[in-house]
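Note: the block below is coords-v6.csv and it holds CSV, C-alpha atoms.
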chain,number,residue,atom,x,y,z
T,1020,MET,CA,83.4,66.8,111.9
T,1021,SER,CA,84.1,68.8,115.1
T,1022,VAL,CA,86.0,71.4,113.0
T,1023,TRP,CA,83.1,71.6,110.6
T,1024,THR,CA,80.7,72.0,113.4
T,1025,PHE,CA,82.8,74.8,115.0
T,1026,LEU,CA,83.1,76.7,111.7
T,1027,THR,CA,79.4,76.4,110.8
T,1028,ASP,CA,78.1,77.4,114.2
T,1029,PRO,CA,76.8,81.1,113.9
T,1030,MET,CA,77.7,81.7,117.5
T,1031,ASN,CA,81.4,81.3,116.7
T,1032,TRP,CA,81.3,84.1,114.2
T,1033,THR,CA,80.0,86.8,116.4
T,1034,GLY,CA,81.3,88.8,119.4
T,1035,SER,CA,84.8,90.1,120.2
T,1036,ASP,CA,86.2,86.6,120.3
T,1037,GLY,CA,84.3,85.4,117.1
T,1038,ILE,CA,85.8,84.3,113.8
T,1039,GLY,CA,84.6,87.5,112.1
T,1040,THR,CA,86.4,89.9,114.6
T,1041,ARG,CA,89.6,87.9,114.7
T,1042,LEU,CA,89.7,87.5,110.9
T,1043,GLY,CA,89.3,91.2,110.6
T,1044,THR,CA,92.1,92.1,113.0
T,1045,HIS,CA,94.3,89.5,111.4
T,1046,ALA,CA,93.7,90.9,108.0
T,1047,TRP,CA,94.2,94.5,109.2
T,1048,VAL,CA,97.6,93.9,110.7
T,1049,SER,CA,98.7,91.8,107.8
T,1050,ALA,CA,97.6,94.3,105.1
T,1051,THR,CA,99.0,97.4,106.9
T,1052,ALA,CA,102.3,95.6,107.5
T,1053,ILE,CA,102.6,94.5,103.8
T,1054,LEU,CA,101.7,98.0,102.6
T,1055,THR,CA,104.2,99.7,105.0
T,1056,ALA,CA,107.0,97.2,103.9
T,1057,ALA,CA,106.2,97.8,100.3
T,1058,PHE,CA,106.3,101.6,100.8
T,1059,ILE,CA,109.8,101.3,102.3
T,1060,ALA,CA,111.3,98.4,100.2
T,1061,LEU,CA,110.0,99.1,96.7
T,1062,PRO,CA,111.5,102.6,96.1
T,1063,THR,CA,114.8,101.5,97.6
T,1064,GLY,CA,114.9,98.3,95.6
T,1065,PHE,CA,114.0,100.0,92.3
T,1066,ALA,CA,116.6,102.7,92.8
T,1067,LEU,CA,119.4,100.2,93.5
T,1068,GLY,CA,118.3,97.9,90.7
T,1069,HIS,CA,118.3,100.8,88.3
T,1070,LEU,CA,121.8,101.9,89.3
T,1071,ARG,CA,123.1,98.3,89.2
T,1072,ARG,CA,124.9,99.1,92.5
T,1073,GLY,CA,125.1,97.4,95.9
T,1074,ARG,CA,123.1,94.4,94.7
T,1075,VAL,CA,125.2,91.7,96.5
T,1076,VAL,CA,125.5,93.7,99.7
T,1077,ALA,CA,121.8,94.6,99.7
T,1078,VAL,CA,120.6,91.1,99.1
T,1079,ALA,CA,123.0,89.8,101.8
T,1080,ILE,CA,121.6,92.2,104.3
T,1081,ALA,CA,118.0,91.4,103.3
T,1082,ASN,CA,118.7,87.7,103.7
T,1083,LEU,CA,120.3,88.2,107.1
T,1084,THR,CA,117.3,90.1,108.4
T,1085,ARG,CA,115.1,87.3,107.1
T,1086,ALA,CA,116.9,85.0,109.5
T,1087,VAL,CA,115.7,86.9,112.6
T,1088,PRO,CA,112.7,85.1,114.2
T,1089,SER,CA,109.5,87.1,114.3
T,1090,LEU,CA,108.9,85.9,117.8
T,1091,ALA,CA,112.2,87.5,118.8
T,1092,VAL,CA,111.2,90.8,117.2
T,1093,LEU,CA,107.9,90.6,119.2
T,1094,ALA,CA,109.7,90.0,122.4
T,1095,PHE,CA,112.2,92.8,121.8
T,1096,VAL,CA,109.4,95.4,120.9
T,1097,VAL,CA,107.5,94.5,124.1
T,1098,ALA,CA,110.6,94.6,126.2
T,1099,ALA,CA,111.5,98.0,124.7
T,1100,GLY,CA,108.3,99.4,126.1
T,1101,TRP,CA,106.1,99.6,123.0
T,1102,GLY,CA,103.3,97.9,124.8
T,1103,ILE,CA,101.3,94.9,123.6
T,1104,GLY,CA,98.7,94.2,121.0
T,1105,PHE,CA,98.8,95.8,117.5
T,1106,VAL,CA,102.1,97.7,117.6
T,1107,PRO,CA,104.5,94.9,118.3
T,1108,THR,CA,102.7,92.5,116.0
T,1109,TRP,CA,102.7,95.1,113.2
T,1110,LEU,CA,106.4,95.9,113.6
T,1111,ALA,CA,107.3,92.2,113.6
T,1112,MET,CA,105.3,91.7,110.4
T,1113,VAL,CA,106.8,94.7,108.7
T,1114,ALA,CA,110.3,93.3,109.5
T,1115,LEU,CA,109.2,90.0,108.1
T,1116,ALA,CA,107.8,91.4,104.8
T,1117,LEU,CA,110.6,93.8,104.0
T,1118,PRO,CA,113.3,91.3,102.8
T,1119,PRO,CA,111.3,89.4,100.1
T,1120,ILE,CA,109.7,92.6,98.7
T,1121,PHE,CA,113.1,94.4,98.7
T,1122,VAL,CA,114.9,91.6,97.0
T,1123,ALA,CA,112.2,91.1,94.4
T,1124,ALA,CA,112.2,94.9,93.5
T,1125,LEU,CA,116.0,95.0,93.3
T,1126,VAL,CA,116.5,91.8,91.3
T,1127,GLY,CA,113.5,92.4,89.0
T,1128,VAL,CA,114.8,95.8,87.9
T,1129,ALA,CA,118.5,94.8,87.8
T,1130,GLU,CA,117.9,91.7,85.6
T,1131,VAL,CA,116.3,93.7,82.8
T,1132,ASP,CA,118.3,92.9,79.6
T,1133,ASP,CA,121.0,95.4,78.9
T,1134,ALA,CA,120.1,95.3,75.3
T,1135,VAL,CA,116.6,96.6,76.1
T,1136,ILE,CA,118.1,99.4,78.2
T,1137,ASP,CA,120.5,100.4,75.4
T,1138,ALA,CA,117.6,100.4,72.9
T,1139,ALA,CA,115.7,102.8,75.2
T,1140,ARG,CA,118.7,105.1,75.5
T,1141,GLY,CA,119.0,105.0,71.7
T,1142,MET,CA,115.4,106.3,71.5
T,1143,GLY,CA,116.4,109.2,73.6
T,1144,LEU,CA,114.9,108.2,77.0
T,1145,ARG,CA,116.6,109.4,80.1
T,1146,GLY,CA,117.3,107.5,83.3
T,1147,HIS,CA,114.0,108.1,85.1
T,1148,GLN,CA,112.1,107.5,81.9
T,1149,ILE,CA,113.8,104.2,81.4
T,1150,LEU,CA,113.0,103.1,84.9
T,1151,ARG,CA,109.4,104.2,84.7
T,1152,HIS,CA,108.5,103.0,81.1
T,1153,VAL,CA,110.9,100.1,80.6
T,1154,GLU,CA,112.4,98.6,83.7
T,1155,LEU,CA,109.4,98.7,86.0
T,1156,PRO,CA,106.9,97.2,83.6
T,1157,ILE,CA,109.2,94.3,82.8
T,1158,ALA,CA,110.0,93.8,86.5
T,1159,LEU,CA,106.4,93.8,87.6
T,1160,PRO,CA,105.9,90.0,87.6
T,1161,VAL,CA,109.0,89.5,89.8
T,1162,VAL,CA,107.8,92.3,92.1
T,1163,VAL,CA,104.3,90.7,92.5
T,1164,SER,CA,106.0,87.4,93.2
T,1165,GLY,CA,107.9,89.0,96.0
T,1166,LEU,CA,104.7,90.5,97.4
T,1167,ARG,CA,103.1,87.0,97.2
T,1168,VAL,CA,105.9,85.5,99.3
T,1169,ALA,CA,105.7,88.3,101.8
T,1170,ALA,CA,101.9,88.1,102.0
T,1171,GLY,CA,102.0,84.3,102.7
T,1172,GLN,CA,104.7,84.7,105.4
T,1173,VAL,CA,102.9,87.6,107.1
T,1174,ILE,CA,99.4,86.0,107.1
T,1175,ALA,CA,100.8,82.8,108.6
T,1176,THR,CA,103.1,84.5,111.1
T,1177,ALA,CA,100.6,87.1,112.3
T,1178,THR,CA,99.2,84.3,114.5
T,1179,LEU,CA,102.1,85.1,116.8
T,1180,GLY,CA,100.3,88.3,117.7
T,1181,ALA,CA,98.2,86.2,120.1
T,1182,PHE,CA,101.2,85.8,122.3
T,1183,VAL,CA,101.4,89.6,122.9
T,1184,GLY,CA,97.7,90.2,123.5
T,1185,TYR,CA,96.5,90.9,119.9
T,1186,ASN,CA,93.2,89.3,118.9
T,1187,THR,CA,94.4,87.6,115.7
T,1188,LEU,CA,93.3,84.2,114.5
T,1189,GLY,CA,96.2,82.8,116.5
T,1190,ARG,CA,93.9,83.2,119.6
T,1191,PHE,CA,92.0,80.1,118.4
T,1192,ILE,CA,95.2,78.1,118.5
T,1193,THR,CA,96.5,79.3,121.8
T,1194,VAL,CA,93.1,79.2,123.6
T,1195,GLY,CA,92.2,75.9,121.9
T,1196,ARG,CA,95.5,74.4,123.0
T,1197,ALA,CA,95.2,75.7,126.6
T,1198,ASN,CA,91.7,74.4,126.9
T,1199,ARG,CA,92.4,71.1,125.0
T,1200,ASP,CA,89.7,72.1,122.5
T,1201,ASP,CA,90.9,70.5,119.3
T,1202,ALA,CA,87.9,71.8,117.3
T,1203,MET,CA,88.9,75.4,118.1
T,1204,LEU,CA,92.6,74.8,117.6
T,1205,TYR,CA,92.3,73.1,114.2
T,1206,SER,CA,89.6,75.5,113.1
T,1207,GLY,CA,92.0,78.4,113.6
T,1208,VAL,CA,94.7,76.5,111.6
T,1209,VAL,CA,92.2,75.9,108.8
T,1210,ILE,CA,91.1,79.5,108.6
T,1211,ILE,CA,94.7,80.8,108.5
T,1212,VAL,CA,95.7,78.3,105.8
T,1213,VAL,CA,92.6,79.1,103.7
T,1214,ALA,CA,93.2,82.9,104.0
T,1215,ALA,CA,96.9,82.5,103.0
T,1216,LEU,CA,95.9,80.3,100.0
T,1217,ILE,CA,93.3,82.7,98.7
T,1218,VAL,CA,95.8,85.6,98.8
T,1219,ASP,CA,98.5,83.4,97.2
T,1220,VAL,CA,96.3,82.3,94.4
T,1221,ALA,CA,95.1,85.9,93.7
T,1222,LEU,CA,98.7,87.2,93.6
T,1223,ARG,CA,99.9,84.3,91.6
T,1224,GLY,CA,97.2,85.0,89.0
T,1225,ALA,CA,98.2,88.6,88.9
T,1226,ALA,CA,101.9,87.7,88.4
T,1227,GLY,CA,100.9,85.4,85.6
T,1228,ARG,CA,98.8,88.0,83.8
T,1229,LEU,CA,101.6,90.6,84.1
T,1230,SER,CA,104.2,88.2,82.7
T,1231,ARG,CA,102.1,88.0,79.5
T,1232,TRP,CA,101.7,91.7,79.3
T,1233,ARG,CA,104.2,93.7,77.2
T,1234,PRO,CA,104.8,97.4,77.8
T,1235,THR,CA,104.8,99.9,75.0
T,1236,THR,CA,107.8,102.3,75.0
T,1237,PRO,CA,106.7,105.9,74.7
T,1238,ARG,CA,107.8,108.0,71.8
T,1239,ARG,CA,110.7,110.4,72.2

Target format structure tokens, applied to this file:
Amino acid sequence: MSVWTFLTDPMNWTGSDGIGTRLGTHAWVSATAILTAAFIALPTGFALGHLRRGRVVAVAIANLTRAVPSLAVLAFVVAAGWGIGFVPTWLAMVALALPPIFVAALVGVAEVDDAVIDAARGMGLRGHQILRHVELPIALPVVVSGLRVAAGQVIATATLGAFVGYNTLGRFITVGRANRDDAMLYSGVVIIVVAALIVDVALRGAAGRLSRWRPTTPRR
């Protein structure tokens, strides 16, 4: 009931420390980090998947970077003189989102059936045409699944921005714990979980619709 009271109190939704402001900053750093990671990881993953080269090494490197704690990245960026607030939080979230997006792009393209590729070549399609019109449409459900994993991790982990002075939803957790205010603390947890679930359901639905879609191969 205390959590419900906190969430339904209009005063807690206004001001620089309100739910609206912190939800906005949390969503901003999460969205920009995911988009930046996708801009870097998708072209690289598509290219390596299309060439069927370096898959084992690339996936191993991606999994290794996934093992680096985000809090350690935050501490390193701050110690390196990049300041506090948005920049270290954003860099840490980009590093967190890169591996699942990259692996999904690489594996999604690389696992397209060789028979489909041979058929496309038999129709006269060249390498870039095969990638664009055959491999990418077939790999889209896997790519969206990678984005879903990245989005869930980033939304949940962006709370760590509160430790470096960024006004994310994590501030409700840190301030609530410091002040022994359980209503604030658990309200922060509830908002973060709900936000992550909404994004997860939306991307899961998109992946499901894409898996039922079949691309049409262009004529020669």

Could the residues of stretch 1038-1128 of chain T that have an atom at most 8 Å from stretch 1145-1158 of chain T be listed as a Markdown table, each with its closest atom pair and the distance in Å to one decimal, counting only C-alpha atoms and ordered by chain and ascending residue number?
| residue | atom | partner | partner_atom | distance |
| --- | --- | --- | --- | --- |
| T:Phe1065 | CA | T:Leu1155 | CA | 7.9 |
| T:His1069 | CA | T:Leu1150 | CA | 6.7 |
| T:Ala1124 | CA | T:Ala1158 | CA | 7.4 |
| T:Gly1127 | CA | T:Ala1158 | CA | 4.5 |
| T:Val1128 | CA | T:Ala1158 | CA | 5.4 |

Query raised in the report: Which is closest to T:Leu1054 among T:Val1161, T:Leu1067, T:Ala1114, T:Val1126, if we use all atoms listed in the file?
Result: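 Counting all atoms listed in the file, the residue closest to T:Leu1054 is T:Ala1114.
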
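For the atom pair formed by atom CA of T:Gly1100 and atom CA of T:Thr1084, the distance is 21.9 Å, given to one decimal.
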
**Report entry** Counting all atoms listed in the file, the residue of T:Arg1199, T:Arg1228, T:Leu1188, T:Arg1223 that sits nearest T:His1045
**Finding:**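 Once distances to T:His1045 are computed over all atoms listed in the file, the minimum belongs to T:Leu1188.
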
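Residues with any atom within 10 Å of T:Ile1038, counting all atoms listed in the file and excluding same-chain neighbours fewer than 4 positions away, are T:Leu1026, T:Pro1029, T:Met1030, T:Asn1031, T:Trp1032, T:Thr1033, T:Gly1034, T:Leu1042, T:Gly1043, T:Thr1187, T:Leu1188, T:Phe1191, T:Ser1206, T:Gly1207, T:Ile1210.
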
Query raised in the report: For T:Asp1036, which residue out of T:Asn1186, T:Ser1089, T:Ser1164, T:Thr1176 is the nearest one, using only C-alpha atoms?
Result: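 Closest candidate: T:Asn1186.
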
Report task. Write out as an MDAnalysis selection string which residues come within 10 Å of T:Gly1104 when counting all atoms listed in the file, dropping same-chain ones fewer than 3 positions away. Result -> chainID T and resid 1097 1101 1107:1109 1180:1187

Report task. Choose the residue, out of T:Pro1088, T:Gly1073, T:Gly1064, T:Gly1039, that has the smallest atom-to-atom separation from T:Met1112; count only C-alpha atoms. Result -> T:Pro1088

Query raised in the report: Using all atoms listed in the file, which of the listed residues (T:Val1173, T:Ile1192, T:Ala1098, T:Ala1086) sits closest to T:Leu1204?
Result: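 Checking each candidate against T:Leu1204, we get T:Ile1192 as the closest.
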
Query raised in the report: Closest to T:Ala1170 among T:Ile1103, T:Ala1221, T:Val1092, T:Ile1136, using all atoms listed in the file?
Result: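 Nearest candidate to T:Ala1170 out of T:Ile1103, T:Ala1221, T:Val1092, T:Ile1136: T:Ala1221.
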